[in-house]
Amino acid sequence: MSAAIHLSYKVDGSDFTGAGTASAAIKRILREIGVDMDTIRRCAICMYEGEINMVIHANGGTADVYIDTEGVKMVLKDNGPGIADVEQAMQEGFSTAKEGVRDLGFGAGMGLPNMKKYSDEMLIDTEVGKGTKVTLIVRFPKGGGDGA
Amino acid sequence: MKISEVAEILNAETLSGEELMDREVNSACGADLMSDVLAFVTDQPVLLTGLVNPQVIRTAFLMDIKCITFVRGKKPDGEMTALAKKNGVVLLSTQFTMYKACGLLYSKGLE
Ligand SMILES: Nc1ncnc2c1ncn2[C@@H]1O[C@H](COP(=O)(O)OP(=O)(O)O)[C@@H](O)[C@H]1O
Ligand SMILES: [Mg+2]
């Protein structure tokens, strides 16, 4: 699986307003290269929840996106506090987000479950005190529609 | 129905996307939590919400929502309006509460 396209974004941890900019850019690119709407939406949701998490929990990070003929791989990496109990974090409704984040429409503990639901593969590599790397793969549907 | 009819039913003010009012919409959803929109929305081109921040516009763009209606007379700032214009999202503002706005649209055939 050699990546035909590699895109890299910095996600600013101090700017909640800007969160989602990279997701929007990816959506535009996927649309331009002719990827089907359902796949675009799944990628957008995964990437957006990932971006939001890096901003609200980890003071920002980087998002690397690789696109090839099979699908889209998103790698979200931060140097934040890490996740002590991944199994617990994956549960719907579990959140350590502060009240202010909830007022902004996030922090309901649905991010990681959403990412799991909409990706084909999800891998969380995390260490407390060091950071978190979330890898998400969304595959193109079989039979055409590979966007290439 | 057309977005212009949504605006009419809700007696809403159009804040962005006047040129997109002819677009057809067939269903709607109401939510204040953007994570809920990301989790449960599939093909609901109208979003009613009481939440006003740029992430609402971004969520709409990412989820192919064509029209955001802010309830209880809430209005976005210039930055949000500019973002909506850039992303081709119609912004409406109605005085009705979430409950009433949803009820009105539902009774007029918007699912
Ligand atoms: N990048 C991250 N760095 C540190 N902790 C994280 C990160 N992403 C998620 N978490 C932890 O996992 C929990 C659940 O995440 P999520 O399902 O996205 O819900 P929410 O973001 O609404 O809290 C968060 O509350 C947080 O404790
Ligand atoms: Mg989250």
# chains A, B, ... in the order shown; residues from 1 in each chain; ligands from 1
call {"tool": "residues_around", "arguments": {"residues": "Ser93 in chain B", "least_positions_apart": "6", "cutoff": "6 Å", "atoms": "only C-alpha atoms", "output": "PDB file with N, CA and C atoms, in the first residue's frame"}}
result
ATOM      1  N   ALA B  12     -38.222  33.161   9.675  1.00  0.00           N
ATOM      2  CA  ALA B  12     -36.809  33.325  10.012  1.00  0.00           C
ATOM      3  C   ALA B  12     -36.118  34.363   9.142  1.00  0.00           C
ATOM      4  N   GLU B  13     -35.111  34.918   9.720  1.00  0.00           N
ATOM      5  CA  GLU B  13     -34.267  35.872   9.025  1.00  0.00           C
ATOM      6  C   GLU B  13     -33.123  35.085   8.357  1.00  0.00           C
ATOM      7  N   THR B  69     -30.453  26.385  11.214  1.00  0.00           N
ATOM      8  CA  THR B  69     -31.406  27.344  11.763  1.00  0.00           C
ATOM      9  C   THR B  69     -31.122  27.524  13.247  1.00  0.00           C
ATOM     10  N   PHE B  70     -30.761  28.737  13.622  1.00  0.00           N
ATOM     11  CA  PHE B  70     -30.530  29.039  15.033  1.00  0.00           C
ATOM     12  C   PHE B  70     -31.871  29.394  15.665  1.00  0.00           C
ATOM     13  N   GLY B  73     -33.893  33.126  18.476  1.00  0.00           N
ATOM     14  CA  GLY B  73     -33.357  34.414  18.034  1.00  0.00           C
ATOM     15  C   GLY B  73     -31.849  34.546  18.082  1.00  0.00           C
TER      16      GLY B  73
END
call {"tool": "select_by_dssp", "arguments": {"residues": "range 22-104 of chain B", "states": "strand (DSSP E)", "output": "ChimeraX atom specification"}}
result
/B:28-30,46-49,67-70,90-93
call {"tool": "write_last_selection", "arguments": {"atoms": "all heavy atoms", "output": "short mmCIF file (atom, residue, chain, number, x, y, z; two decimals), in the first residue's frame"}}
result
data_model
loop_
_atom_site.label_atom_id
_atom_site.label_comp_id
_atom_site.auth_asym_id
_atom_site.auth_seq_id
_atom_site.Cartn_x
_atom_site.Cartn_y
_atom_site.Cartn_z
N ALA B 28 -34.97 17.05 8.64
CA ALA B 28 -34.26 17.95 9.54
C ALA B 28 -33.90 17.23 10.83
O ALA B 28 -34.42 16.15 11.12
CB ALA B 28 -35.14 19.17 9.86
N CYS B 29 -33.00 17.84 11.60
CA CYS B 29 -32.71 17.31 12.92
C CYS B 29 -32.45 18.48 13.87
O CYS B 29 -32.09 19.57 13.44
CB CYS B 29 -31.49 16.38 12.87
SG CYS B 29 -29.98 17.22 12.38
N GLY B 30 -32.66 18.23 15.15
CA GLY B 30 -32.41 19.28 16.13
C GLY B 30 -31.39 18.77 17.13
O GLY B 30 -31.53 17.67 17.66
N VAL B 46 -31.22 19.86 7.12
CA VAL B 46 -31.51 21.04 7.94
C VAL B 46 -31.17 20.72 9.40
O VAL B 46 -31.63 19.73 9.95
CB VAL B 46 -33.00 21.45 7.86
CG1 VAL B 46 -33.28 22.65 8.76
CG2 VAL B 46 -33.38 21.77 6.42
N LEU B 47 -30.34 21.56 10.01
CA LEU B 47 -30.00 21.40 11.42
C LEU B 47 -30.57 22.56 12.21
O LEU B 47 -30.32 23.72 11.89
CB LEU B 47 -28.47 21.36 11.60
CG LEU B 47 -27.95 21.47 13.04
CD1 LEU B 47 -28.33 20.23 13.87
CD2 LEU B 47 -26.43 21.65 13.06
N LEU B 48 -31.37 22.24 13.23
CA LEU B 48 -31.84 23.29 14.14
C LEU B 48 -31.00 23.19 15.40
O LEU B 48 -30.80 22.11 15.94
CB LEU B 48 -33.32 23.09 14.49
CG LEU B 48 -34.26 23.28 13.29
CD1 LEU B 48 -34.73 21.94 12.76
CD2 LEU B 48 -35.45 24.14 13.68
N THR B 49 -30.52 24.33 15.88
CA THR B 49 -29.66 24.29 17.06
C THR B 49 -29.72 25.58 17.87
O THR B 49 -30.02 26.65 17.33
CB THR B 49 -28.19 23.99 16.65
OG1 THR B 49 -27.41 23.79 17.83
CG2 THR B 49 -27.59 25.12 15.84
N CYS B 67 -28.44 23.69 5.60
CA CYS B 67 -29.06 24.85 6.25
C CYS B 67 -29.02 24.71 7.77
O CYS B 67 -29.46 23.70 8.31
CB CYS B 67 -30.52 24.95 5.76
SG CYS B 67 -31.53 26.11 6.69
N ILE B 68 -28.49 25.72 8.44
CA ILE B 68 -28.52 25.74 9.90
C ILE B 68 -29.54 26.79 10.32
O ILE B 68 -29.50 27.92 9.85
CB ILE B 68 -27.15 26.13 10.50
CG1 ILE B 68 -26.06 25.17 10.03
CG2 ILE B 68 -27.22 26.15 12.03
CD1 ILE B 68 -24.66 25.66 10.37
N THR B 69 -30.45 26.39 11.21
CA THR B 69 -31.41 27.34 11.76
C THR B 69 -31.12 27.52 13.25
O THR B 69 -31.19 26.57 14.02
CB THR B 69 -32.85 26.85 11.57
OG1 THR B 69 -33.09 26.62 10.18
CG2 THR B 69 -33.85 27.87 12.08
N PHE B 70 -30.76 28.74 13.62
CA PHE B 70 -30.53 29.04 15.03
C PHE B 70 -31.87 29.39 15.66
O PHE B 70 -32.62 30.21 15.13
CB PHE B 70 -29.54 30.20 15.19
CG PHE B 70 -28.18 29.87 14.63
CD1 PHE B 70 -27.78 30.37 13.41
CD2 PHE B 70 -27.31 29.04 15.33
CE1 PHE B 70 -26.54 30.05 12.88
CE2 PHE B 70 -26.07 28.72 14.81
CZ PHE B 70 -25.67 29.22 13.58
N VAL B 90 -26.46 27.65 4.31
CA VAL B 90 -27.44 28.71 4.57
C VAL B 90 -27.61 28.87 6.08
O VAL B 90 -27.71 27.88 6.80
CB VAL B 90 -28.81 28.36 3.94
CG1 VAL B 90 -29.85 29.41 4.29
CG2 VAL B 90 -28.69 28.20 2.43
N LEU B 91 -27.63 30.11 6.56
CA LEU B 91 -27.88 30.36 7.99
C LEU B 91 -29.20 31.10 8.16
O LEU B 91 -29.42 32.15 7.53
CB LEU B 91 -26.75 31.21 8.59
CG LEU B 91 -25.33 30.66 8.58
CD1 LEU B 91 -24.41 31.62 9.32
CD2 LEU B 91 -25.28 29.27 9.23
N LEU B 92 -30.07 30.55 9.02
CA LEU B 92 -31.33 31.20 9.34
C LEU B 92 -31.39 31.45 10.84
O LEU B 92 -30.76 30.73 11.62
CB LEU B 92 -32.52 30.31 8.96
CG LEU B 92 -32.63 29.82 7.51
CD1 LEU B 92 -33.84 28.89 7.38
CD2 LEU B 92 -32.76 30.98 6.54
N SER B 93 -32.16 32.44 11.23
CA SER B 93 -32.38 32.68 12.65
C SER B 93 -33.87 32.88 12.90
O SER B 93 -34.51 33.71 12.25
CB SER B 93 -31.60 33.92 13.10
OG SER B 93 -31.87 34.19 14.46
#
call {"tool": "closest_residue", "arguments": {"among": "B:Lys74, B:Lys85, B:Arg58, B:Lys66", "to": "chain A", "atoms": "only C-alpha atoms"}}
result
B:Arg58
call {"tool": "interface_residues", "arguments": {"of": "chain B", "to": "chain A", "cutoff": "6 Å", "atoms": "only C-alpha atoms", "output": "list in words"}}
result
Leu33, Met34, Ser35, Ala39 and Leu62 of chain B
call {"tool": "write_last_selection", "arguments": {"atoms": "C-alpha atoms", "output": "compact mmCIF listing (two decimals), in the first residue's frame"}}
result
# COMPACT_ATOMS: atom_id res chain seq x y z
CA LEU B 33 -24.37 18.56 20.82
CA MET B 34 -22.21 18.42 17.73
CA SER B 35 -21.02 14.93 18.67
CA ALA B 39 -22.95 10.21 15.47
CA LEU B 62 -18.51 18.05 7.14
call {"tool": "atom_distance", "arguments": {"atom1": "CA of Ala4 in chain A", "atom2": "CA of Tyr66 in chain A"}}
result
7.4 Å
call {"tool": "closest_atom_pairs", "arguments": {"of": "chain A", "to": "ligand 1", "cutoff": "9 Å", "atoms": "only C-alpha atoms and all ligand atoms", "output": "JSON lines"}}
result
{"residue": "A:Glu49", "atom": "CA", "partner": "ligand 1", "partner_atom_place_in_ligand_line": "18 (O)", "distance": 6.5}
{"residue": "A:Gly50", "atom": "CA", "partner": "ligand 1", "partner_atom_place_in_ligand_line": "1 (N)", "distance": 7.2}
{"residue": "A:Glu51", "atom": "CA", "partner": "ligand 1", "partner_atom_place_in_ligand_line": "1 (N)", "distance": 8.4}
{"residue": "A:Ile52", "atom": "CA", "partner": "ligand 1", "partner_atom_place_in_ligand_line": "21 (O)", "distance": 7.2}
{"residue": "A:Asn53", "atom": "CA", "partner": "ligand 1", "partner_atom_place_in_ligand_line": "8 (N)", "distance": 4.7}
{"residue": "A:Met54", "atom": "CA", "partner": "ligand 1", "partner_atom_place_in_ligand_line": "1 (N)", "distance": 4.5}
{"residue": "A:Val55", "atom": "CA", "partner": "ligand 1", "partner_atom_place_in_ligand_line": "1 (N)", "distance": 7.9}
{"residue": "A:Ile56", "atom": "CA", "partner": "ligand 1", "partner_atom_place_in_ligand_line": "21 (O)", "distance": 7.1}
{"residue": "A:His57", "atom": "CA", "partner": "ligand 1", "partner_atom_place_in_ligand_line": "4 (C)", "distance": 4.9}
{"residue": "A:Ala58", "atom": "CA", "partner": "ligand 1", "partner_atom_place_in_ligand_line": "3 (N)", "distance": 4.7}
{"residue": "A:Asn59", "atom": "CA", "partner": "ligand 1", "partner_atom_place_in_ligand_line": "3 (N)", "distance": 8.5}
{"residue": "A:Gly60", "atom": "CA", "partner": "ligand 1", "partner_atom_place_in_ligand_line": "1 (N)", "distance": 8.3}
{"residue": "A:Gly61", "atom": "CA", "partner": "ligand 1", "partner_atom_place_in_ligand_line": "1 (N)", "distance": 8.5}
{"residue": "A:Leu76", "atom": "CA", "partner": "ligand 1", "partner_atom_place_in_ligand_line": "1 (N)", "distance": 8.1}
{"residue": "A:Lys77", "atom": "CA", "partner": "ligand 1", "partner_atom_place_in_ligand_line": "1 (N)", "distance": 7.6}
{"residue": "A:Asp78", "atom": "CA", "partner": "ligand 1", "partner_atom_place_in_ligand_line": "1 (N)", "distance": 6.4}
{"residue": "A:Asn79", "atom": "CA", "partner": "ligand 1", "partner_atom_place_in_ligand_line": "3 (N)", "distance": 8.0}
{"residue": "A:Gly80", "atom": "CA", "partner": "ligand 1", "partner_atom_place_in_ligand_line": "3 (N)", "distance": 5.5}
{"residue": "A:Pro81", "atom": "CA", "partner": "ligand 1", "partner_atom_place_in_ligand_line": "4 (C)", "distance": 5.3}
{"residue": "A:Gly82", "atom": "CA", "partner": "ligand 1", "partner_atom_place_in_ligand_line": "4 (C)", "distance": 4.5}
{"residue": "A:Ile83", "atom": "CA", "partner": "ligand 1", "partner_atom_place_in_ligand_line": "5 (N)", "distance": 4.8}
{"residue": "A:Ala84", "atom": "CA", "partner": "ligand 1", "partner_atom_place_in_ligand_line": "5 (N)", "distance": 8.2}
{"residue": "A:Asp85", "atom": "CA", "partner": "ligand 1", "partner_atom_place_in_ligand_line": "12 (O)", "distance": 8.3}
{"residue": "A:Val86", "atom": "CA", "partner": "ligand 1", "partner_atom_place_in_ligand_line": "12 (O)", "distance": 7.2}
{"residue": "A:Gln88", "atom": "CA", "partner": "ligand 1", "partner_atom_place_in_ligand_line": "12 (O)", "distance": 7.8}
{"residue": "A:Ala89", "atom": "CA", "partner": "ligand 1", "partner_atom_place_in_ligand_line": "12 (O)", "distance": 4.3}
{"residue": "A:Met90", "atom": "CA", "partner": "ligand 1", "partner_atom_place_in_ligand_line": "17 (O)", "distance": 5.8}
{"residue": "A:Gln91", "atom": "CA", "partner": "ligand 1", "partner_atom_place_in_ligand_line": "17 (O)", "distance": 7.0}
{"residue": "A:Glu92", "atom": "CA", "partner": "ligand 1", "partner_atom_place_in_ligand_line": "17 (O)", "distance": 6.6}
{"residue": "A:Gly93", "atom": "CA", "partner": "ligand 1", "partner_atom_place_in_ligand_line": "19 (O)", "distance": 7.0}
{"residue": "A:Phe94", "atom": "CA", "partner": "ligand 1", "partner_atom_place_in_ligand_line": "14 (C)", "distance": 5.5}
{"residue": "A:Ser95", "atom": "CA", "partner": "ligand 1", "partner_atom_place_in_ligand_line": "25 (O)", "distance": 3.3}
{"residue": "A:Thr96", "atom": "CA", "partner": "ligand 1", "partner_atom_place_in_ligand_line": "25 (O)", "distance": 3.8}
{"residue": "A:Ala97", "atom": "CA", "partner": "ligand 1", "partner_atom_place_in_ligand_line": "23 (O)", "distance": 4.8}
{"residue": "A:Lys98", "atom": "CA", "partner": "ligand 1", "partner_atom_place_in_ligand_line": "23 (O)", "distance": 8.5}
{"residue": "A:Val101", "atom": "CA", "partner": "ligand 1", "partner_atom_place_in_ligand_line": "22 (O)", "distance": 8.4}
{"residue": "A:Arg102", "atom": "CA", "partner": "ligand 1", "partner_atom_place_in_ligand_line": "22 (O)", "distance": 8.0}
{"residue": "A:Phe106", "atom": "CA", "partner": "ligand 1", "partner_atom_place_in_ligand_line": "22 (O)", "distance": 5.5}
{"residue": "A:Gly107", "atom": "CA", "partner": "ligand 1", "partner_atom_place_in_ligand_line": "22 (O)", "distance": 2.9}
{"residue": "A:Ala108", "atom": "CA", "partner": "ligand 1", "partner_atom_place_in_ligand_line": "22 (O)", "distance": 4.1}
{"residue": "A:Gly109", "atom": "CA", "partner": "ligand 1", "partner_atom_place_in_ligand_line": "19 (O)", "distance": 3.1}
{"residue": "A:Met110", "atom": "CA", "partner": "ligand 1", "partner_atom_place_in_ligand_line": "17 (O)", "distance": 4.4}
{"residue": "A:Gly111", "atom": "CA", "partner": "ligand 1", "partner_atom_place_in_ligand_line": "18 (O)", "distance": 3.2}
{"residue": "A:Leu112", "atom": "CA", "partner": "ligand 1", "partner_atom_place_in_ligand_line": "17 (O)", "distance": 3.7}
{"residue": "A:Pro113", "atom": "CA", "partner": "ligand 1", "partner_atom_place_in_ligand_line": "17 (O)", "distance": 5.7}
{"residue": "A:Asn114", "atom": "CA", "partner": "ligand 1", "partner_atom_place_in_ligand_line": "17 (O)", "distance": 7.5}
{"residue": "A:Met115", "atom": "CA", "partner": "ligand 1", "partner_atom_place_in_ligand_line": "18 (O)", "distance": 8.3}
{"residue": "A:Thr126", "atom": "CA", "partner": "ligand 1", "partner_atom_place_in_ligand_line": "3 (N)", "distance": 8.2}
{"residue": "A:Val128", "atom": "CA", "partner": "ligand 1", "partner_atom_place_in_ligand_line": "4 (C)", "distance": 8.5}
{"residue": "A:Gly131", "atom": "CA", "partner": "ligand 1", "partner_atom_place_in_ligand_line": "3 (N)", "distance": 6.5}
{"residue": "A:Thr132", "atom": "CA", "partner": "ligand 1", "partner_atom_place_in_ligand_line": "1 (N)", "distance": 5.5}
{"residue": "A:Lys133", "atom": "CA", "partner": "ligand 1", "partner_atom_place_in_ligand_line": "1 (N)", "distance": 7.4}
{"residue": "A:Val134", "atom": "CA", "partner": "ligand 1", "partner_atom_place_in_ligand_line": "1 (N)", "distance": 7.7}
call {"tool": "select_by_dssp", "arguments": {"residues": "range 28-101 of chain B", "states": "alpha helix (DSSP H)", "output": "ChimeraX atom specification"}}
result
/B:34-40,54-62,78-87,98-101
call {"tool": "atom_distance", "arguments": {"atom1": "CA of Pro45 in chain B", "atom2": "CA of Met63 in chain B"}}
result
8.6 Å
call {"tool": "residues_around", "arguments": {"residues": "range 103-110 of chain B", "least_positions_apart": "4", "cutoff": "7 Å", "atoms": "only C-alpha atoms", "output": "MDAnalysis selection string"}}
result
chainID B and resid 26:28 99
call {"tool": "closest_residue", "arguments": {"among": "B:Arg72, B:Leu38, B:Ile3, B:Ile9", "to": "ligand 2", "atoms": "only C-alpha atoms and all ligand atoms"}}
result
B:Leu38
call {"tool": "closest_residue", "arguments": {"among": "A:Val72, A:Val35, A:Ala22, A:Met47", "to": "ligand 2", "atoms": "only C-alpha atoms and all ligand atoms"}}
result
A:Met47
call {"tool": "closest_residue", "arguments": {"among": "A:His6, A:Lys116, A:Arg31, A:Lys73", "to": "ligand 2", "atoms": "only C-alpha atoms and all ligand atoms"}}
result
A:Lys116
call {"tool": "closest_residue", "arguments": {"among": "A:Gly34, A:Gly129, A:Pro141, A:Gly100", "to": "Glu70 in chain A", "atoms": "only C-alpha atoms"}}
result
A:Pro141
call {"tool": "residues_around", "arguments": {"residues": "Glu79 in chain B", "least_positions_apart": "2", "cutoff": "12 Å", "atoms": "only C-alpha atoms", "output": "list in words"}}
result
Thr17 and Gly18 of chain A; Ser16, Val52, Asn53, Pro54, Gln55, Ile57, Lys75, Pro76, Asp77, Thr81, Ala82, Leu83, Ala84, Lys85 and Lys86 of chain B
call {"tool": "write_last_selection", "arguments": {"atoms": "N, CA and C atoms", "output": "mmCIF file, in the first residue's frame"}}
result
data_model
loop_
_atom_site.group_PDB
_atom_site.id
_atom_site.type_symbol
_atom_site.label_atom_id
_atom_site.label_comp_id
_atom_site.auth_asym_id
_atom_site.auth_seq_id
_atom_site.Cartn_x
_atom_site.Cartn_y
_atom_site.Cartn_z
ATOM 1 N N THR A 17 -11.534 27.490 17.936
ATOM 2 C CA THR A 17 -12.226 27.966 16.736
ATOM 3 C C THR A 17 -11.678 27.311 15.473
ATOM 4 N N GLY A 18 -10.377 27.102 15.460
ATOM 5 C CA GLY A 18 -9.742 26.545 14.260
ATOM 6 C C GLY A 18 -9.855 25.033 14.152
ATOM 7 N N SER B 16 -27.197 34.223 5.875
ATOM 8 C CA SER B 16 -26.171 33.872 4.893
ATOM 9 C C SER B 16 -26.748 32.887 3.895
ATOM 10 N N VAL B 52 -24.284 28.339 19.273
ATOM 11 C CA VAL B 52 -23.727 29.291 18.307
ATOM 12 C C VAL B 52 -22.218 29.364 18.472
ATOM 13 N N ASN B 53 -21.491 28.620 17.653
ATOM 14 C CA ASN B 53 -20.039 28.782 17.570
ATOM 15 C C ASN B 53 -19.547 28.210 16.239
ATOM 16 N N PRO B 54 -18.322 28.541 15.846
ATOM 17 C CA PRO B 54 -17.862 28.142 14.502
ATOM 18 C C PRO B 54 -17.905 26.634 14.264
ATOM 19 N N GLN B 55 -17.832 25.851 15.344
ATOM 20 C CA GLN B 55 -17.846 24.398 15.158
ATOM 21 C C GLN B 55 -19.191 23.902 14.610
ATOM 22 N N ILE B 57 -20.865 25.427 12.231
ATOM 23 C CA ILE B 57 -20.734 25.605 10.777
ATOM 24 C C ILE B 57 -19.837 24.512 10.202
ATOM 25 N N LYS B 75 -28.004 34.544 17.009
ATOM 26 C CA LYS B 75 -27.372 34.944 15.756
ATOM 27 C C LYS B 75 -25.864 34.771 15.816
ATOM 28 N N PRO B 76 -25.281 34.259 14.742
ATOM 29 C CA PRO B 76 -23.831 34.080 14.687
ATOM 30 C C PRO B 76 -23.118 35.404 14.440
ATOM 31 N N ASP B 77 -21.830 35.444 14.750
ATOM 32 C CA ASP B 77 -21.062 36.665 14.490
ATOM 33 C C ASP B 77 -20.546 36.665 13.048
ATOM 34 N N THR B 81 -20.485 33.793 9.972
ATOM 35 C CA THR B 81 -21.223 34.030 8.741
ATOM 36 C C THR B 81 -20.291 33.886 7.529
ATOM 37 N N ALA B 82 -19.073 34.386 7.683
ATOM 38 C CA ALA B 82 -18.091 34.285 6.598
ATOM 39 C C ALA B 82 -17.739 32.823 6.327
ATOM 40 N N LEU B 83 -17.581 32.058 7.399
ATOM 41 C CA LEU B 83 -17.265 30.629 7.266
ATOM 42 C C LEU B 83 -18.413 29.901 6.557
ATOM 43 N N ALA B 84 -19.646 30.265 6.896
ATOM 44 C CA ALA B 84 -20.823 29.646 6.276
ATOM 45 C C ALA B 84 -20.871 29.976 4.783
ATOM 46 N N LYS B 85 -20.561 31.220 4.449
ATOM 47 C CA LYS B 85 -20.549 31.637 3.037
ATOM 48 C C LYS B 85 -19.533 30.824 2.261
ATOM 49 N N LYS B 86 -18.349 30.711 2.849
ATOM 50 C CA LYS B 86 -17.259 29.975 2.204
ATOM 51 C C LYS B 86 -17.646 28.518 1.953
#
